[in-house]
>>> print(open('run-v3.csv').read())   # CSV, C-alpha atoms
chain,number,residue,atom,x,y,z
A,1,MET,CA,-6.6,3.0,4.3
A,2,PRO,CA,-5.2,0.8,1.4
A,3,GLU,CA,-3.0,-1.9,2.9
A,4,LEU,CA,-0.3,-4.0,1.2
A,5,PRO,CA,-2.7,-6.0,-1.1
A,6,GLU,CA,-4.5,-2.9,-2.3
A,7,VAL,CA,-1.2,-1.1,-3.0
A,8,GLU,CA,0.2,-4.2,-4.7
A,9,THR,CA,-2.9,-4.4,-6.9
A,10,VAL,CA,-2.4,-0.7,-7.9
A,11,ARG,CA,1.3,-1.3,-8.6
A,12,ARG,CA,0.4,-4.2,-11.0
A,13,GLY,CA,-2.2,-2.1,-12.7
A,14,LEU,CA,0.1,0.8,-13.2
A,15,GLU,CA,2.9,-1.4,-14.5
A,16,GLN,CA,0.6,-3.0,-17.0
A,17,LYS,CA,-1.1,0.2,-18.2
A,18,LEU,CA,1.8,2.6,-18.2
A,19,ASN,CA,4.6,0.6,-19.8
A,20,ASN,CA,5.1,3.3,-22.5
A,21,PHE,CA,3.7,6.3,-20.8
A,22,ILE,CA,6.0,9.4,-21.2
A,23,ILE,CA,5.1,12.4,-19.1
A,24,LYS,CA,4.6,15.4,-21.3
A,25,LYS,CA,2.5,17.6,-19.0
A,26,VAL,CA,1.9,17.7,-15.2
A,27,GLU,CA,-0.9,19.6,-13.6
A,28,VAL,CA,-0.8,20.0,-9.8
A,29,CYS,CA,-4.4,20.8,-8.6
A,30,ARG,CA,-3.6,20.8,-4.9
A,31,ASP,CA,-0.1,22.0,-3.8
A,32,SER,CA,-0.1,20.1,-0.5
A,33,THR,CA,-0.2,16.8,-2.3
A,34,VAL,CA,3.4,17.5,-3.4
A,35,ALA,CA,5.6,16.6,-0.4
A,36,PHE,CA,9.0,17.0,-2.1
A,37,PRO,CA,10.5,19.1,-3.5
A,38,SER,CA,8.9,22.0,-1.7
A,39,ASN,CA,8.6,24.0,-4.9
A,40,LYS,CA,5.9,22.5,-7.1
A,41,GLU,CA,7.5,23.9,-10.3
A,42,GLU,CA,10.6,21.9,-9.5
A,43,PHE,CA,8.4,18.8,-9.0
A,44,ILE,CA,6.7,19.4,-12.4
A,45,LYS,CA,10.0,20.1,-14.2
A,46,GLY,CA,11.7,17.0,-12.8
A,47,LEU,CA,8.9,14.8,-14.2
A,48,LEU,CA,8.6,16.1,-17.7
A,49,ASN,CA,9.9,13.8,-20.5
A,50,SER,CA,10.1,10.9,-18.0
A,51,LEU,CA,9.0,7.4,-18.8
A,52,PHE,CA,7.4,5.3,-16.0
A,53,TYR,CA,10.1,2.7,-16.4
A,54,LYS,CA,9.5,0.4,-13.5
A,55,TRP,CA,7.0,0.2,-10.6
A,56,ASP,CA,7.9,-1.2,-7.2
A,57,ARG,CA,6.2,-1.3,-3.8
A,58,ARG,CA,7.7,-1.0,-0.3
A,59,GLY,CA,5.1,-1.4,2.5
A,60,LYS,CA,2.3,0.9,1.5
A,61,TYR,CA,4.5,3.1,-0.7
A,62,LEU,CA,4.4,3.0,-4.6
A,63,ILE,CA,7.8,3.7,-6.2
A,64,ALA,CA,8.1,4.5,-9.9
A,65,GLN,CA,11.6,4.4,-11.4
A,66,LEU,CA,11.9,7.1,-14.1
A,67,LYS,CA,13.9,7.2,-17.3
A,68,GLU,CA,14.6,10.3,-19.3
A,69,VAL,CA,13.2,10.3,-22.9
A,70,GLN,CA,14.1,13.2,-25.2
A,71,ASN,CA,13.7,11.2,-28.4
A,72,GLU,CA,10.1,9.9,-28.9
A,73,ASN,CA,11.5,7.3,-31.4
A,74,SER,CA,13.7,5.7,-28.8
A,75,GLN,CA,13.4,1.9,-28.6
A,76,PHE,CA,11.7,0.4,-25.5
A,77,PRO,CA,12.7,-0.7,-23.0
A,78,LEU,CA,15.2,2.1,-22.2
A,79,LYS,CA,17.7,0.2,-20.0
A,80,ASN,CA,20.5,2.5,-20.9
A,81,SER,CA,18.6,5.8,-20.7
A,82,GLN,CA,19.5,8.4,-18.1
A,83,ASN,CA,17.9,7.9,-14.7
A,84,LYS,CA,15.4,10.7,-13.9
A,85,GLY,CA,15.0,9.7,-10.2
A,86,PHE,CA,11.9,8.4,-8.6
A,87,LEU,CA,8.2,9.3,-8.1
A,88,VAL,CA,7.1,8.0,-4.8
A,89,ILE,CA,3.4,7.9,-3.8
A,90,HIS,CA,1.6,7.1,-0.5
A,91,LEU,CA,-2.2,6.8,-1.1
A,92,ARG,CA,-3.0,7.3,2.6
A,93,MET,CA,-6.8,7.0,3.4
A,94,THR,CA,-8.6,7.7,0.1
A,95,GLY,CA,-6.1,8.2,-2.7
A,96,TYR,CA,-6.4,6.3,-6.0
A,97,PHE,CA,-5.4,6.5,-9.6
A,98,LYS,CA,-7.5,6.5,-12.7
A,99,PHE,CA,-6.2,6.0,-16.3
A,100,ILE,CA,-8.3,8.0,-18.7
A,101,GLU,CA,-7.9,7.8,-22.5
A,102,LYS,CA,-8.4,11.1,-24.1
A,103,SER,CA,-8.6,13.3,-21.0
A,104,THR,CA,-11.8,14.7,-19.7
A,105,HIS,CA,-12.7,17.4,-17.2
A,106,PRO,CA,-11.5,16.5,-13.7
A,107,CYS,CA,-13.7,16.0,-10.6
A,108,LYS,CA,-13.2,18.3,-7.7
A,109,HIS,CA,-11.2,15.8,-5.8
A,110,THR,CA,-8.5,15.5,-8.5
A,111,ARG,CA,-5.1,16.4,-7.0
A,112,ILE,CA,-2.4,15.7,-9.7
A,113,ARG,CA,-2.7,15.0,-13.4
A,114,PHE,CA,-0.1,13.4,-15.7
A,115,PHE,CA,-0.5,13.5,-19.5
A,116,ASP,CA,1.3,11.9,-22.4
A,117,LYS,CA,1.6,13.2,-25.9
A,118,ASN,CA,-1.7,11.6,-26.9
A,119,ASN,CA,-3.5,13.4,-24.1
A,120,ASN,CA,-4.0,10.1,-22.2
A,121,GLU,CA,-4.2,11.0,-18.5
A,122,LEU,CA,-3.1,9.3,-15.3
A,123,ARG,CA,-5.2,11.1,-12.7
A,124,TYR,CA,-4.6,11.0,-8.9
A,125,VAL,CA,-7.9,11.5,-7.0
A,126,ASP,CA,-8.0,11.9,-3.2
A,127,VAL,CA,-11.2,12.9,-1.4
A,128,ARG,CA,-9.6,13.5,2.0
A,129,SER,CA,-6.3,14.8,0.6
A,130,PHE,CA,-4.0,13.0,2.9
A,131,GLY,CA,-2.0,11.3,0.1
A,132,GLN,CA,1.4,12.6,-0.9
A,133,MET,CA,3.9,12.4,-3.7
A,134,TRP,CA,7.6,12.9,-3.8
A,135,TRP,CA,9.9,13.4,-6.8
A,136,ILE,CA,13.3,12.5,-5.7
A,137,ASN,CA,16.1,13.2,-8.1
A,138,LYS,CA,18.9,10.8,-8.8
A,139,GLY,CA,21.7,10.8,-6.2
A,140,LEU,CA,19.3,11.6,-3.4
A,141,SER,CA,18.3,9.1,-0.8
A,142,LEU,CA,14.7,8.0,-0.7
A,143,ASN,CA,15.0,6.7,2.8
A,144,LYS,CA,16.4,9.9,4.2
A,145,ILE,CA,13.9,12.2,2.5
A,146,ILE,CA,10.9,10.0,3.3
A,147,LYS,CA,11.3,9.1,7.0
A,148,GLY,CA,8.4,6.6,7.0
A,149,LEU,CA,10.0,4.7,4.1
A,150,GLY,CA,13.4,4.5,5.8
A,151,SER,CA,12.0,3.1,9.0
A,152,LEU,CA,9.9,0.3,7.5
A,153,GLY,CA,10.3,-3.2,8.8
A,154,PRO,CA,10.7,-6.3,6.5
A,155,GLU,CA,8.2,-7.2,3.9
A,156,PRO,CA,5.9,-10.1,4.9
A,157,PHE,CA,7.0,-12.0,1.8
A,158,SER,CA,10.7,-11.5,2.4
A,159,LYS,CA,13.1,-14.1,3.8
A,160,ASP,CA,13.8,-11.7,6.7
A,161,PHE,CA,10.3,-12.1,8.0
A,162,ASP,CA,10.0,-15.4,9.8
A,163,ALA,CA,9.2,-16.8,13.3
A,164,ASN,CA,12.7,-16.2,14.5
A,165,TYR,CA,12.5,-12.5,13.6
A,166,LEU,CA,9.1,-12.2,15.2
A,167,LYS,CA,10.3,-13.9,18.4
A,168,LYS,CA,13.3,-11.5,18.6
A,169,VAL,CA,11.3,-8.3,18.1
A,170,ILE,CA,8.4,-9.2,20.5
A,171,SER,CA,10.3,-11.1,23.2
A,172,LYS,CA,10.0,-8.2,25.8
A,173,ARG,CA,7.0,-6.3,24.5
A,174,THR,CA,3.9,-5.9,26.6
A,175,LYS,CA,1.9,-4.4,23.8
A,176,SER,CA,-0.9,-6.5,22.3
A,177,ILE,CA,0.0,-8.6,19.3
A,178,LYS,CA,-2.6,-6.6,17.2
A,179,ALA,CA,-0.7,-3.4,18.0
A,180,ILE,CA,2.6,-5.1,17.0
A,181,LEU,CA,1.2,-6.1,13.6
A,182,LEU,CA,0.1,-2.5,12.9
A,183,ASP,CA,3.6,-1.2,13.7
A,184,GLN,CA,5.1,-0.5,10.3
A,185,THR,CA,8.6,-0.5,11.7
A,186,ILE,CA,8.2,-4.2,12.7
A,187,VAL,CA,6.5,-5.5,9.5
A,188,ALA,CA,5.6,-3.4,6.4
A,189,GLY,CA,2.2,-3.1,4.8
A,190,ILE,CA,-0.1,-4.7,7.3
A,191,GLY,CA,-3.1,-2.6,8.5
A,192,ASN,CA,-6.3,-3.2,10.4
A,193,ILE,CA,-8.1,-5.5,8.0
A,194,TYR,CA,-5.3,-8.0,7.5
A,195,ALA,CA,-4.1,-7.9,11.1
A,196,ASP,CA,-7.5,-9.1,12.2
A,197,GLU,CA,-7.8,-11.7,9.5
A,198,SER,CA,-4.3,-13.1,10.1
A,199,LEU,CA,-4.8,-13.4,13.9
A,200,TYR,CA,-8.1,-15.2,13.3
A,201,SER,CA,-6.5,-17.6,10.9
A,202,ALA,CA,-3.7,-18.3,13.4
A,203,GLY,CA,-6.1,-18.7,16.3
A,204,ILE,CA,-4.4,-16.0,18.4
A,205,SER,CA,-6.3,-13.4,20.4
A,206,PRO,CA,-5.5,-9.8,19.3
A,207,PHE,CA,-5.4,-8.9,23.0
A,208,ARG,CA,-2.5,-11.2,23.9
A,209,GLU,CA,0.7,-9.6,25.1
A,210,ALA,CA,3.2,-10.0,22.3
A,211,ARG,CA,5.8,-11.5,24.7
A,212,THR,CA,3.5,-14.4,25.7
A,213,ILE,CA,3.2,-15.8,22.2
A,214,LYS,CA,5.1,-19.0,21.8
A,215,LYS,CA,7.4,-20.0,18.9
A,216,ASN,CA,5.0,-22.5,17.4
A,217,GLU,CA,2.2,-19.9,17.4
A,218,LEU,CA,4.5,-17.4,15.7
A,219,ILE,CA,5.3,-19.9,13.0
A,220,LYS,CA,1.5,-20.2,12.4
A,221,LEU,CA,1.0,-16.5,12.6
A,222,LYS,CA,3.7,-15.8,10.0
A,223,GLU,CA,2.1,-18.4,7.6
A,224,SER,CA,-1.3,-17.0,8.2
A,225,ILE,CA,-0.1,-13.4,7.4
A,226,VAL,CA,1.4,-14.6,4.1
A,227,THR,CA,-1.6,-16.7,3.1
A,228,VAL,CA,-4.2,-14.0,3.9
A,229,LEU,CA,-2.2,-11.3,2.0
A,230,LYS,CA,-1.7,-13.5,-1.0
A,231,GLN,CA,-5.4,-14.4,-1.1
A,232,SER,CA,-6.3,-10.7,-0.9
A,233,ILE,CA,-3.9,-9.7,-3.7
A,234,GLY,CA,-5.4,-12.5,-5.8
A,235,SER,CA,-8.8,-10.9,-5.2
A,236,GLY,CA,-7.7,-7.4,-6.0
A,237,GLY,CA,-7.8,-6.1,-2.5
A,238,THR,CA,-10.7,-5.4,-0.2
A,239,THR,CA,-14.1,-3.7,-0.7
A,240,PHE,CA,-14.0,-2.2,2.8
A,241,SER,CA,-11.5,0.6,2.2
A,242,ASP,CA,-11.9,3.5,-0.1
A,243,PHE,CA,-9.5,1.7,-2.4
A,244,ARG,CA,-10.1,1.7,-6.2
A,245,ASP,CA,-7.9,0.0,-8.8
A,246,LEU,CA,-6.8,1.7,-12.0
A,247,GLU,CA,-10.2,0.9,-13.6
A,248,GLY,CA,-12.1,2.3,-10.7
A,249,GLU,CA,-13.1,-1.1,-9.2
A,250,ASN,CA,-13.2,-2.2,-5.6
A,251,GLY,CA,-11.4,-5.4,-4.6
A,252,ASN,CA,-13.3,-8.6,-3.8
A,253,PHE,CA,-11.6,-9.8,-0.6
A,254,GLY,CA,-14.1,-8.0,1.6
A,255,LEU,CA,-16.7,-10.5,0.4
A,256,GLN,CA,-14.8,-13.4,2.1
A,257,THR,CA,-13.4,-11.9,5.4
A,258,ASN,CA,-13.8,-14.1,8.5
A,259,VAL,CA,-14.0,-11.5,11.2
A,260,TYR,CA,-13.4,-8.0,9.9
A,261,ARG,CA,-16.7,-6.1,9.9
A,262,ARG,CA,-18.6,-9.2,10.8
A,263,THR,CA,-19.5,-8.0,14.3
A,264,GLY,CA,-22.5,-10.0,15.7
A,265,LYS,CA,-22.4,-12.6,12.9
A,266,GLU,CA,-21.6,-16.2,13.4
A,267,CYS,CA,-18.0,-17.4,13.3
A,268,ARG,CA,-17.5,-19.5,10.2
A,269,LYS,CA,-15.7,-22.2,12.2
A,270,CYS,CA,-17.5,-22.5,15.5
A,271,GLY,CA,-20.8,-20.5,15.2
A,272,ASN,CA,-19.9,-18.2,18.1
A,273,LEU,CA,-20.7,-14.5,17.5
A,274,ILE,CA,-17.9,-12.2,16.3
A,275,GLU,CA,-17.0,-9.4,18.7
A,276,ARG,CA,-15.6,-5.9,18.2
A,277,GLN,CA,-13.5,-3.7,20.5
A,278,LYS,CA,-10.9,-1.0,20.0
A,279,ILE,CA,-7.2,-1.6,20.4
A,280,THR,CA,-4.9,1.5,20.2
A,281,GLY,CA,-7.8,3.4,18.7
A,282,ARG,CA,-8.5,0.8,15.9
A,283,SER,CA,-11.6,-1.4,15.7
A,284,THR,CA,-10.6,-5.0,16.2
A,285,HIS,CA,-12.8,-8.0,15.2
A,286,TRP,CA,-12.3,-11.5,16.7
A,287,CYS,CA,-13.9,-14.7,17.7
A,288,PRO,CA,-13.4,-15.2,21.5
A,289,LYS,CA,-13.8,-19.0,21.2
A,290,CYS,CA,-11.4,-19.7,18.2
A,291,GLN,CA,-8.8,-17.1,19.3
A,292,LYS,CA,-6.9,-17.7,22.5
>>> encode(input="run-v3.csv", output="structure tokens")
Amino acid sequence: MPELPEVETVRRGLEQKLNNFIIKKVEVCRDSTVAFPSNKEEFIKGLLNSLFYKWDRRGKYLIAQLKEVQNENSQFPLKNSQNKGFLVIHLRMTGYFKFIEKSTHPCKHTRIRFFDKNNNELRYVDVRSFGQMWWINKGLSLNKIIKGLGSLGPEPFSKDFDANYLKKVISKRTKSIKAILLDQTIVAGIGNIYADESLYSAGISPFREARTIKKNELIKLKESIVTVLKQSIGSGGTTFSDFRDLEGENGNFGLQTNVYRRTGKECRKCGNLIERQKITGRSTHWCPKCQK
């Protein structure tokens, strides 16, 4: 599943490519991809004549702020134009976007297609079809309609996410620290890959009970999380997920992981062999010598 760095890479690509993209036609190829409104015709109607004005990210959600454009000769940017609500996307396991100049015939995994007046296409492709989209009109609450969005913990890069916060939320928890990092209500955007890599960087065993981790270790863990995520964003995400950027390319971070998917290979620090075991149903990779 795309994690924070992959979703941020997609956000930046969409922002760069679609700065003047006004939706003139929407084709829903799979109804179940539309999570809200329940009527797909209302979803389509709500998006027509909308400019992708601004792209944000919250955890693993992409959020496009929309502006209404009735006059094609309007001057950009349209700060004072009427708000057309938001298009929210969760890529889930295998969802990704492709930007296609002069639209071509879609593949069988195409779920939703957006076209501008020049027939350029923003195509949403999703092999396993778990991804979802919401069109939320102005005046409605994103957090109330999308329960997962409303329950997210702080962003790893925010001032609210620090060692004091971590100490407070894990002080009585007997769950493993790996399970804690995967909990989106505690910290938004971290998944399996970056939890493993951050714990390795901090020298903390993924099996440790969260409540046993001391303040100085939490300071290091917070720093490791931020560093690992920033490195991955700079590399365009990871090659290990089904993630594709807007140009159809994998990320490069997978080429430089320290533990993730390196089972049986030598630790880059100590030479000990990397091990693998499941925690809460997720494959976990760690070095028993470097992580205590």
>>> residues_around(input="run-v3.csv", residues="Gly203 in chain A", least_positions_apart="4", cutoff="10 Å", atoms="all atoms listed in the file", output="list in words")
Glu197, Ser198, Leu199, Glu217, Lys220, Leu221, Ser224, Trp286, Cys287, Pro288, Lys289, Cys290, Gln291 and Lys292 of chain A
>>> atom_distance(input="run-v3.csv", atom1="CA of Tyr96 in chain A", atom2="CA of Asn252 in chain A")
16.6 Å
>>> closest_residue(input="run-v3.csv", among="A:Lys54, A:Glu247, A:Lys175, A:Leu47", to="Asp116 in chain A", atoms="all atoms listed in the file")
A:Leu47
>>> residues_around(input="run-v3.csv", residues="Gln132 in chain A", least_positions_apart="6", cutoff="9 Å", atoms="all atoms listed in the file", output="list in words")
Ser32, Thr33, Val34, Ala35, Phe36, Val88, Ile89, His90, Leu91, Arg92 and Gly95 of chain A
>>> closest_residue(input="run-v3.csv", among="A:Thr185, A:Asp126, A:Ile233, A:Val226", to="Lys159 in chain A", atoms="only C-alpha atoms")
A:Val226
>>> closest_atom_pairs(input="run-v3.csv", of="range 167-223 of chain A", to="range 136-154 of chain A", cutoff="12 Å", atoms="only C-alpha atoms", output="Markdown table")
| residue | atom | partner | partner_atom | distance |
| --- | --- | --- | --- | --- |
| A:Val169 | CA | A:Gly153 | CA | 10.7 |
| A:Ile180 | CA | A:Gly153 | CA | 11.4 |
| A:Leu181 | CA | A:Gly153 | CA | 10.7 |
| A:Leu182 | CA | A:Gly153 | CA | 11.0 |
| A:Asp183 | CA | A:Gly153 | CA | 8.5 |
| A:Gln184 | CA | A:Leu152 | CA | 5.6 |
| A:Thr185 | CA | A:Gly153 | CA | 4.3 |
| A:Ile186 | CA | A:Gly153 | CA | 4.5 |
| A:Val187 | CA | A:Gly153 | CA | 4.5 |
| A:Ala188 | CA | A:Gly153 | CA | 5.3 |
| A:Gly189 | CA | A:Leu152 | CA | 8.8 |
| A:Ile190 | CA | A:Gly153 | CA | 10.6 |
>>> write_last_selection(input="run-v3.csv", atoms="C-alpha atoms", output="PDB file, keeping the file's coordinate frame")
ATOM      1  CA  VAL A 169      11.300  -8.300  18.100  1.00  0.00           C
ATOM      2  CA  ILE A 180       2.600  -5.100  17.000  1.00  0.00           C
ATOM      3  CA  LEU A 181       1.200  -6.100  13.600  1.00  0.00           C
ATOM      4  CA  LEU A 182       0.100  -2.500  12.900  1.00  0.00           C
ATOM      5  CA  ASP A 183       3.600  -1.200  13.700  1.00  0.00           C
ATOM      6  CA  GLN A 184       5.100  -0.500  10.300  1.00  0.00           C
ATOM      7  CA  THR A 185       8.600  -0.500  11.700  1.00  0.00           C
ATOM      8  CA  ILE A 186       8.200  -4.200  12.700  1.00  0.00           C
ATOM      9  CA  VAL A 187       6.500  -5.500   9.500  1.00  0.00           C
ATOM     10  CA  ALA A 188       5.600  -3.400   6.400  1.00  0.00           C
ATOM     11  CA  GLY A 189       2.200  -3.100   4.800  1.00  0.00           C
ATOM     12  CA  ILE A 190      -0.100  -4.700   7.300  1.00  0.00           C
TER      13      ILE A 190
END
>>> atom_distance(input="run-v3.csv", atom1="CA of Glu8 in chain A", atom2="CA of Glu249 in chain A")
14.4 Å
>>> closest_residue(input="run-v3.csv", among="A:Val28, A:Ile204, A:Leu4, A:Ile23", to="Glu42 in chain A", atoms="all atoms listed in the file")
A:Val28
>>> closest_residue(input="run-v3.csv", among="A:Asn39, A:Asn20, A:Asn118, A:Thr9", to="Arg57 in chain A", atoms="all atoms listed in the file")
A:Thr9
>>> atom_distance(input="run-v3.csv", atom1="CA of Ile213 in chain A", atom2="CA of Ala179 in chain A")
13.7 Å
>>> axis_aligned_box(input="run-v3.csv", around="range 123-134 of chain A", padding_each_side="3 Å", output="lines of an AutoDock Vina configuration file")
center_x = -1.8
center_y = 12.9
center_z = -4.9
size_x = 24.8
size_y = 9.8
size_z = 21.6
>>> residues_near_point(input="run-v3.csv", point="(-18.3, -13.1, 8.7)", cutoff="12 Å", atoms="only C-alpha atoms", output="PyMOL selection string")
chain A and resi 197+200+253-275+285-287
>>> closest_residue(input="run-v3.csv", among="A:Ile193, A:Cys29, A:Leu218, A:Ala210", to="Ser232 in chain A", atoms="only C-alpha atoms")
A:Ile193
>>> residues_around(input="run-v3.csv", residues="Ser171 in chain A", least_positions_apart="6", cutoff="10 Å", atoms="only C-alpha atoms", output="list in words")
Tyr165, Glu209, Ala210, Arg211, Thr212, Ile213 and Lys214 of chain A
>>> write_last_selection(input="run-v3.csv", atoms="C-alpha atoms", output="compact mmCIF listing (two decimals), keeping the file's coordinate frame")
# COMPACT_ATOMS: atom_id res chain seq x y z
CA TYR A 165 12.50 -12.50 13.60
CA GLU A 209 0.70 -9.60 25.10
CA ALA A 210 3.20 -10.00 22.30
CA ARG A 211 5.80 -11.50 24.70
CA THR A 212 3.50 -14.40 25.70
CA ILE A 213 3.20 -15.80 22.20
CA LYS A 214 5.10 -19.00 21.80
>>> build_atoms(input="run-v3.csv", residues="range 44-69 of chain A", atoms="N, CA and C atoms", output="mmCIF file, keeping the file's coordinate frame")
data_model
loop_
_atom_site.group_PDB
_atom_site.id
_atom_site.type_symbol
_atom_site.label_atom_id
_atom_site.label_comp_id
_atom_site.auth_asym_id
_atom_site.auth_seq_id
_atom_site.Cartn_x
_atom_site.Cartn_y
_atom_site.Cartn_z
ATOM 1 N N ILE A 44 7.256 19.523 -11.062
ATOM 2 C CA ILE A 44 6.700 19.400 -12.400
ATOM 3 C C ILE A 44 7.893 19.253 -13.429
ATOM 4 N N LYS A 45 8.874 20.139 -13.311
ATOM 5 C CA LYS A 45 10.000 20.100 -14.200
ATOM 6 C C LYS A 45 10.774 18.817 -14.172
ATOM 7 N N GLY A 46 10.925 18.287 -12.974
ATOM 8 C CA GLY A 46 11.700 17.000 -12.800
ATOM 9 C C GLY A 46 10.990 15.842 -13.459
ATOM 10 N N LEU A 47 9.659 15.898 -13.602
ATOM 11 C CA LEU A 47 8.900 14.800 -14.200
ATOM 12 C C LEU A 47 8.730 14.833 -15.670
ATOM 13 N N LEU A 48 8.870 16.001 -16.249
ATOM 14 C CA LEU A 48 8.600 16.100 -17.700
ATOM 15 C C LEU A 48 9.643 15.292 -18.490
ATOM 16 N N ASN A 49 9.138 14.693 -19.575
ATOM 17 C CA ASN A 49 9.900 13.800 -20.500
ATOM 18 C C ASN A 49 10.461 12.580 -19.724
ATOM 19 N N SER A 50 9.704 12.147 -18.714
ATOM 20 C CA SER A 50 10.100 10.900 -18.000
ATOM 21 C C SER A 50 9.168 9.778 -18.353
ATOM 22 N N LEU A 51 9.783 8.633 -18.533
ATOM 23 C CA LEU A 51 9.000 7.400 -18.800
ATOM 24 C C LEU A 51 8.877 6.684 -17.419
ATOM 25 N N PHE A 52 7.648 6.207 -17.139
ATOM 26 C CA PHE A 52 7.400 5.300 -16.000
ATOM 27 C C PHE A 52 8.088 3.987 -16.356
ATOM 28 N N TYR A 53 9.337 3.819 -15.957
ATOM 29 C CA TYR A 53 10.100 2.700 -16.400
ATOM 30 C C TYR A 53 9.820 1.396 -15.624
ATOM 31 N N LYS A 54 9.732 1.523 -14.328
ATOM 32 C CA LYS A 54 9.500 0.400 -13.500
ATOM 33 C C LYS A 54 8.760 0.752 -12.224
ATOM 34 N N TRP A 55 7.785 -0.077 -11.827
ATOM 35 C CA TRP A 55 7.000 0.200 -10.600
ATOM 36 C C TRP A 55 7.339 -0.823 -9.534
ATOM 37 N N ASP A 56 7.661 -0.315 -8.345
ATOM 38 C CA ASP A 56 7.900 -1.200 -7.200
ATOM 39 C C ASP A 56 6.976 -0.761 -6.050
ATOM 40 N N ARG A 57 6.970 -1.588 -5.016
ATOM 41 C CA ARG A 57 6.200 -1.300 -3.800
ATOM 42 C C ARG A 57 7.053 -1.588 -2.597
ATOM 43 N N ARG A 58 6.994 -0.729 -1.606
ATOM 44 C CA ARG A 58 7.700 -1.000 -0.300
ATOM 45 C C ARG A 58 6.656 -0.624 0.768
ATOM 46 N N GLY A 59 6.177 -1.652 1.493
ATOM 47 C CA GLY A 59 5.100 -1.400 2.500
ATOM 48 C C GLY A 59 3.889 -0.890 1.710
ATOM 49 N N LYS A 60 3.418 0.288 2.104
ATOM 50 C CA LYS A 60 2.300 0.900 1.500
ATOM 51 C C LYS A 60 2.667 2.015 0.493
ATOM 52 N N TYR A 61 3.960 2.099 0.194
ATOM 53 C CA TYR A 61 4.500 3.100 -0.700
ATOM 54 C C TYR A 61 4.585 2.531 -2.149
ATOM 55 N N LEU A 62 4.185 3.320 -3.147
ATOM 56 C CA LEU A 62 4.400 3.000 -4.600
ATOM 57 C C LEU A 62 5.662 3.772 -5.002
ATOM 58 N N ILE A 63 6.554 3.095 -5.730
ATOM 59 C CA ILE A 63 7.800 3.700 -6.200
ATOM 60 C C ILE A 63 7.978 3.509 -7.659
ATOM 61 N N ALA A 64 7.947 4.605 -8.413
ATOM 62 C CA ALA A 64 8.100 4.500 -9.900
ATOM 63 C C ALA A 64 9.563 4.969 -10.201
ATOM 64 N N GLN A 65 10.305 4.079 -10.853
ATOM 65 C CA GLN A 65 11.600 4.400 -11.400
ATOM 66 C C GLN A 65 11.432 5.145 -12.697
ATOM 67 N N LEU A 66 12.064 6.295 -12.861
ATOM 68 C CA LEU A 66 11.900 7.100 -14.100
ATOM 69 C C LEU A 66 13.096 7.097 -14.956
ATOM 70 N N LYS A 67 12.853 7.114 -16.265
ATOM 71 C CA LYS A 67 13.900 7.200 -17.300
ATOM 72 C C LYS A 67 13.657 8.435 -18.142
ATOM 73 N N GLU A 68 14.726 9.162 -18.464
ATOM 74 C CA GLU A 68 14.600 10.300 -19.300
ATOM 75 C C GLU A 68 14.416 9.945 -20.765
ATOM 76 N N VAL A 69 13.441 10.565 -21.441
ATOM 77 C CA VAL A 69 13.200 10.300 -22.900
ATOM 78 C C VAL A 69 13.109 11.639 -23.599
#
